[in-house]
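Here's the structure we're looking at; comments come further down.
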Amino acid sequence: QVQLVESGGGLVQPGGSLRLTCAASGTDFSLFAVVWYRQAPGKERERVAFISTSGETDYPNSVKGRFTISRDNAESTGSLQMNHLKVEDTAIYYCKIRHSITYREYSGRGIQVTISS
């Protein structure tokens, strides 16, 4: 059974940093791309970072230069380093993994990130 567990969320002041981690179990993590997306109240879900199985990354303009996604296949973890956080980054952040061949997807339960002074 594949499980994803996000950690590292919380409350931080504008301009601060947080590092989210997605820990996967029950599968060969190296075969999956990793996606972080977020959902804020009243807003559409937004993909904020992507990393392929080969390490290629992609970000939307809203977070480019502030967020960095990485992966550690040995530890079966994906991480999202978020710097220079803004109030508008407040949302529930979800980790999703997508198999590189079958495109089967699994998602975590999400973690709250709140940016407030």
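Chain labels A, B, ... are given in the sequence in which chains occur in the structure tokens; within each chain residues are numbered consecutively from 1, and ligands are likewise numbered from 1 in the order shown.
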Secondary structure check, strand (DSSP E or B) residues of region 58-89 of chain A, as an MDAnalysis selection string: chainID A and resid 58 67:72 77:82
Hey, could you make a per-residue contact list for region 24-116 of chain A against region 1-5 of chain A with 6 Å as the cut-off, showing the nearest pair of atoms and its distance in Å to one decimal, counting only C-alpha atoms, sorted by chain and number, as CSV?
```
residue,atom,partner,partner_atom,distance
A:Ala24,CA,A:Leu4,CA,4.6
A:Ser25,CA,A:Gln3,CA,5.3
A:Gly26,CA,A:Val2,CA,4.5
A:Thr27,CA,A:Val2,CA,6.0
A:Gly108,CA,A:Leu4,CA,4.7
```
Just-selected residues, N, CA, C and O atoms written as a PDB file, in the first residue's frame:
```
ATOM      1  N   ALA A  24       7.475   8.871   1.243  1.00  0.00           N
ATOM      2  CA  ALA A  24       6.716   7.825   0.558  1.00  0.00           C
ATOM      3  C   ALA A  24       7.099   6.454   1.088  1.00  0.00           C
ATOM      4  O   ALA A  24       8.246   6.216   1.466  1.00  0.00           O
ATOM      5  N   SER A  25       6.137   5.572   1.092  1.00  0.00           N
ATOM      6  CA  SER A  25       6.392   4.194   1.477  1.00  0.00           C
ATOM      7  C   SER A  25       5.519   3.272   0.653  1.00  0.00           C
ATOM      8  O   SER A  25       4.501   3.684   0.100  1.00  0.00           O
ATOM      9  N   GLY A  26       5.959   2.025   0.541  1.00  0.00           N
ATOM     10  CA  GLY A  26       5.160   1.034  -0.151  1.00  0.00           C
ATOM     11  C   GLY A  26       5.355   0.961  -1.642  1.00  0.00           C
ATOM     12  O   GLY A  26       4.589   0.282  -2.338  1.00  0.00           O
ATOM     13  N   THR A  27       6.375   1.648  -2.157  1.00  0.00           N
ATOM     14  CA  THR A  27       6.598   1.624  -3.585  1.00  0.00           C
ATOM     15  C   THR A  27       8.036   2.020  -3.889  1.00  0.00           C
ATOM     16  O   THR A  27       8.766   2.480  -3.014  1.00  0.00           O
ATOM     17  N   GLY A 108      -0.788  12.753  -0.942  1.00  0.00           N
ATOM     18  CA  GLY A 108      -0.818  12.821   0.502  1.00  0.00           C
ATOM     19  C   GLY A 108      -2.063  13.540   0.987  1.00  0.00           C
ATOM     20  O   GLY A 108      -2.875  14.025   0.197  1.00  0.00           O
TER      21      GLY A 108
END
```
Name all residues at most 10 Å from Arg47 (chain A) (count only C-alpha atoms; drop same-chain ones fewer than 2 positions away) and give them as a list in words. Val35, Trp36, Tyr37, Arg38, Gln39, Glu44, Arg45, Ala49, Phe50, Asp58, Tyr59, Pro60, Val63, Tyr93, Tyr94 and Cys95 of chain A
Please provide as a list in words all residues within 9 Å of Met82 (chain A), with the sequence filter that same-chain residues fewer than 2 positions apart are discarded (counting only C-alpha atoms).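 Answer for this query is Gly16, Ser17, Leu18, Arg19, Leu20, Val63, Arg66, Phe67, Thr68, Ile69, Leu80, His84 and Leu85 of chain A.
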Between CA of Val34 (chain A) and CA of Asn83 (chain A), what is the distance, to one decimal in Å? 19.3 Å
Quick one: DSSP helix (DSSP H, G or I) residues in chain A, as a PyMOL selection string? chain A and resi 29-31+87-89
Applying 6 Å and only C-alpha atoms, which residues near Cys22 (chain A) remain after dropping the ones on its own chain fewer than 3 positions away? List them as a VMD selection string. chain A and resid 5 to 6 77 to 78
How would the residues just chosen look if you wrote them out with N, CA and C atoms as a tab-separated table (two decimals), in the first residue's frame?
```tsv
chain	number	residue	atom	x	y	z
A	5	VAL	N	3.22	10.95	3.25
A	5	VAL	CA	2.99	11.75	4.44
A	5	VAL	C	3.79	13.04	4.33
A	6	GLU	N	3.06	14.16	4.36
A	6	GLU	CA	3.72	15.46	4.31
A	6	GLU	C	4.06	15.93	5.72
A	77	THR	N	12.01	10.33	-0.32
A	77	THR	CA	11.41	11.60	0.08
A	77	THR	C	11.52	12.63	-1.03
A	78	GLY	N	10.54	13.49	-1.05
A	78	GLY	CA	10.56	14.67	-1.90
A	78	GLY	C	10.42	15.88	-0.99
```
For Arg98 (chain A), please output as a ChimeraX atom specification all residues within 10 Å (counting only C-alpha atoms; exclusion window: fewer than 3 positions along the same chain). /A:29,31-35,52-53,101-107
For the residues in that selection, give me N, CA and C atoms as a PDB file, in the first residue's frame.
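File written: out35.pdb
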```pdb
ATOM      1  N   PHE A  29      10.074   4.567  -5.025  1.00  0.00           N
ATOM      2  CA  PHE A  29       9.926   6.011  -5.185  1.00  0.00           C
ATOM      3  C   PHE A  29      10.663   6.539  -6.411  1.00  0.00           C
ATOM      4  N   LEU A  31      10.757   5.624  -9.322  1.00  0.00           N
ATOM      5  CA  LEU A  31      10.004   5.500 -10.566  1.00  0.00           C
ATOM      6  C   LEU A  31       8.919   6.564 -10.717  1.00  0.00           C
ATOM      7  N   PHE A  32       8.819   7.432  -9.736  1.00  0.00           N
ATOM      8  CA  PHE A  32       7.750   8.411  -9.707  1.00  0.00           C
ATOM      9  C   PHE A  32       8.271   9.836  -9.826  1.00  0.00           C
ATOM     10  N   ALA A  33       7.579  10.639 -10.623  1.00  0.00           N
ATOM     11  CA  ALA A  33       7.775  12.080 -10.561  1.00  0.00           C
ATOM     12  C   ALA A  33       7.063  12.591  -9.305  1.00  0.00           C
ATOM     13  N   VAL A  34       7.500  13.724  -8.821  1.00  0.00           N
ATOM     14  CA  VAL A  34       6.926  14.311  -7.610  1.00  0.00           C
ATOM     15  C   VAL A  34       6.360  15.686  -7.936  1.00  0.00           C
ATOM     16  N   VAL A  35       5.186  15.914  -7.462  1.00  0.00           N
ATOM     17  CA  VAL A  35       4.521  17.201  -7.674  1.00  0.00           C
ATOM     18  C   VAL A  35       4.070  17.748  -6.322  1.00  0.00           C
ATOM     19  N   SER A  52      10.997  15.571 -12.083  1.00  0.00           N
ATOM     20  CA  SER A  52      10.871  14.300 -12.787  1.00  0.00           C
ATOM     21  C   SER A  52      11.757  13.241 -12.142  1.00  0.00           C
ATOM     22  N   THR A  53      11.658  12.035 -12.662  1.00  0.00           N
ATOM     23  CA  THR A  53      12.500  10.959 -12.144  1.00  0.00           C
ATOM     24  C   THR A  53      13.976  11.231 -12.424  1.00  0.00           C
ATOM     25  N   ILE A 101       5.717   5.645 -15.977  1.00  0.00           N
ATOM     26  CA  ILE A 101       5.262   4.843 -17.114  1.00  0.00           C
ATOM     27  C   ILE A 101       3.754   4.673 -17.106  1.00  0.00           C
ATOM     28  N   THR A 102       3.194   4.289 -15.987  1.00  0.00           N
ATOM     29  CA  THR A 102       1.750   4.030 -15.915  1.00  0.00           C
ATOM     30  C   THR A 102       0.936   5.280 -15.623  1.00  0.00           C
ATOM     31  N   TYR A 103       1.605   6.334 -15.131  1.00  0.00           N
ATOM     32  CA  TYR A 103       0.951   7.583 -14.716  1.00  0.00           C
ATOM     33  C   TYR A 103      -0.002   7.391 -13.543  1.00  0.00           C
ATOM     34  N   ARG A 104       0.114   6.273 -12.874  1.00  0.00           N
ATOM     35  CA  ARG A 104      -0.675   6.082 -11.656  1.00  0.00           C
ATOM     36  C   ARG A 104      -0.224   7.130 -10.651  1.00  0.00           C
ATOM     37  N   GLU A 105      -1.208   7.724  -9.963  1.00  0.00           N
ATOM     38  CA  GLU A 105      -0.912   8.800  -9.033  1.00  0.00           C
ATOM     39  C   GLU A 105      -1.338   8.455  -7.615  1.00  0.00           C
ATOM     40  N   TYR A 106      -0.589   9.018  -6.678  1.00  0.00           N
ATOM     41  CA  TYR A 106      -0.917   8.920  -5.268  1.00  0.00           C
ATOM     42  C   TYR A 106      -0.697  10.299  -4.643  1.00  0.00           C
ATOM     43  N   SER A 107      -1.576  10.641  -3.729  1.00  0.00           N
ATOM     44  CA  SER A 107      -1.473  11.948  -3.083  1.00  0.00           C
ATOM     45  C   SER A 107      -1.467  11.804  -1.579  1.00  0.00           C
TER      46      SER A 107
END
```
Quick one: of A:Ser79, A:Ser62, A:Glu56, A:Glu88, who's nearest to Gly8 (chain A), counting only C-alpha atoms?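 Of A:Ser79, A:Ser62, A:Glu56, A:Glu88, the one nearest Gly8 (chain A) is A:Ser79, counting only C-alpha atoms.
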Considering only C-alpha atoms, state which residue in the set A:Asn61, A:Ser7, A:Gln13, A:Ser100 is at the smallest distance from Gln81 (chain A). A:Ser7
Which is closer to Gln112 (chain A) than all the others in A:Ile92, A:Ala74, A:Ile51, A:Val87, using only C-alpha atoms?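 Residue with the minimum atom-to-atom distance to Gln112 (chain A): A:Ile92.
Pairwise distance (CA of Ile111 (chain A), CA of Gly9 (chain A)) equals 5.8 Å.
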In Å, rounded to a single decimal, give me how far CA of Val48 (chain A) is from CA of Ser116 (chain A).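 Between CA of Ser116 (chain A) and CA of Val48 (chain A) the gap is 19.6 Å.
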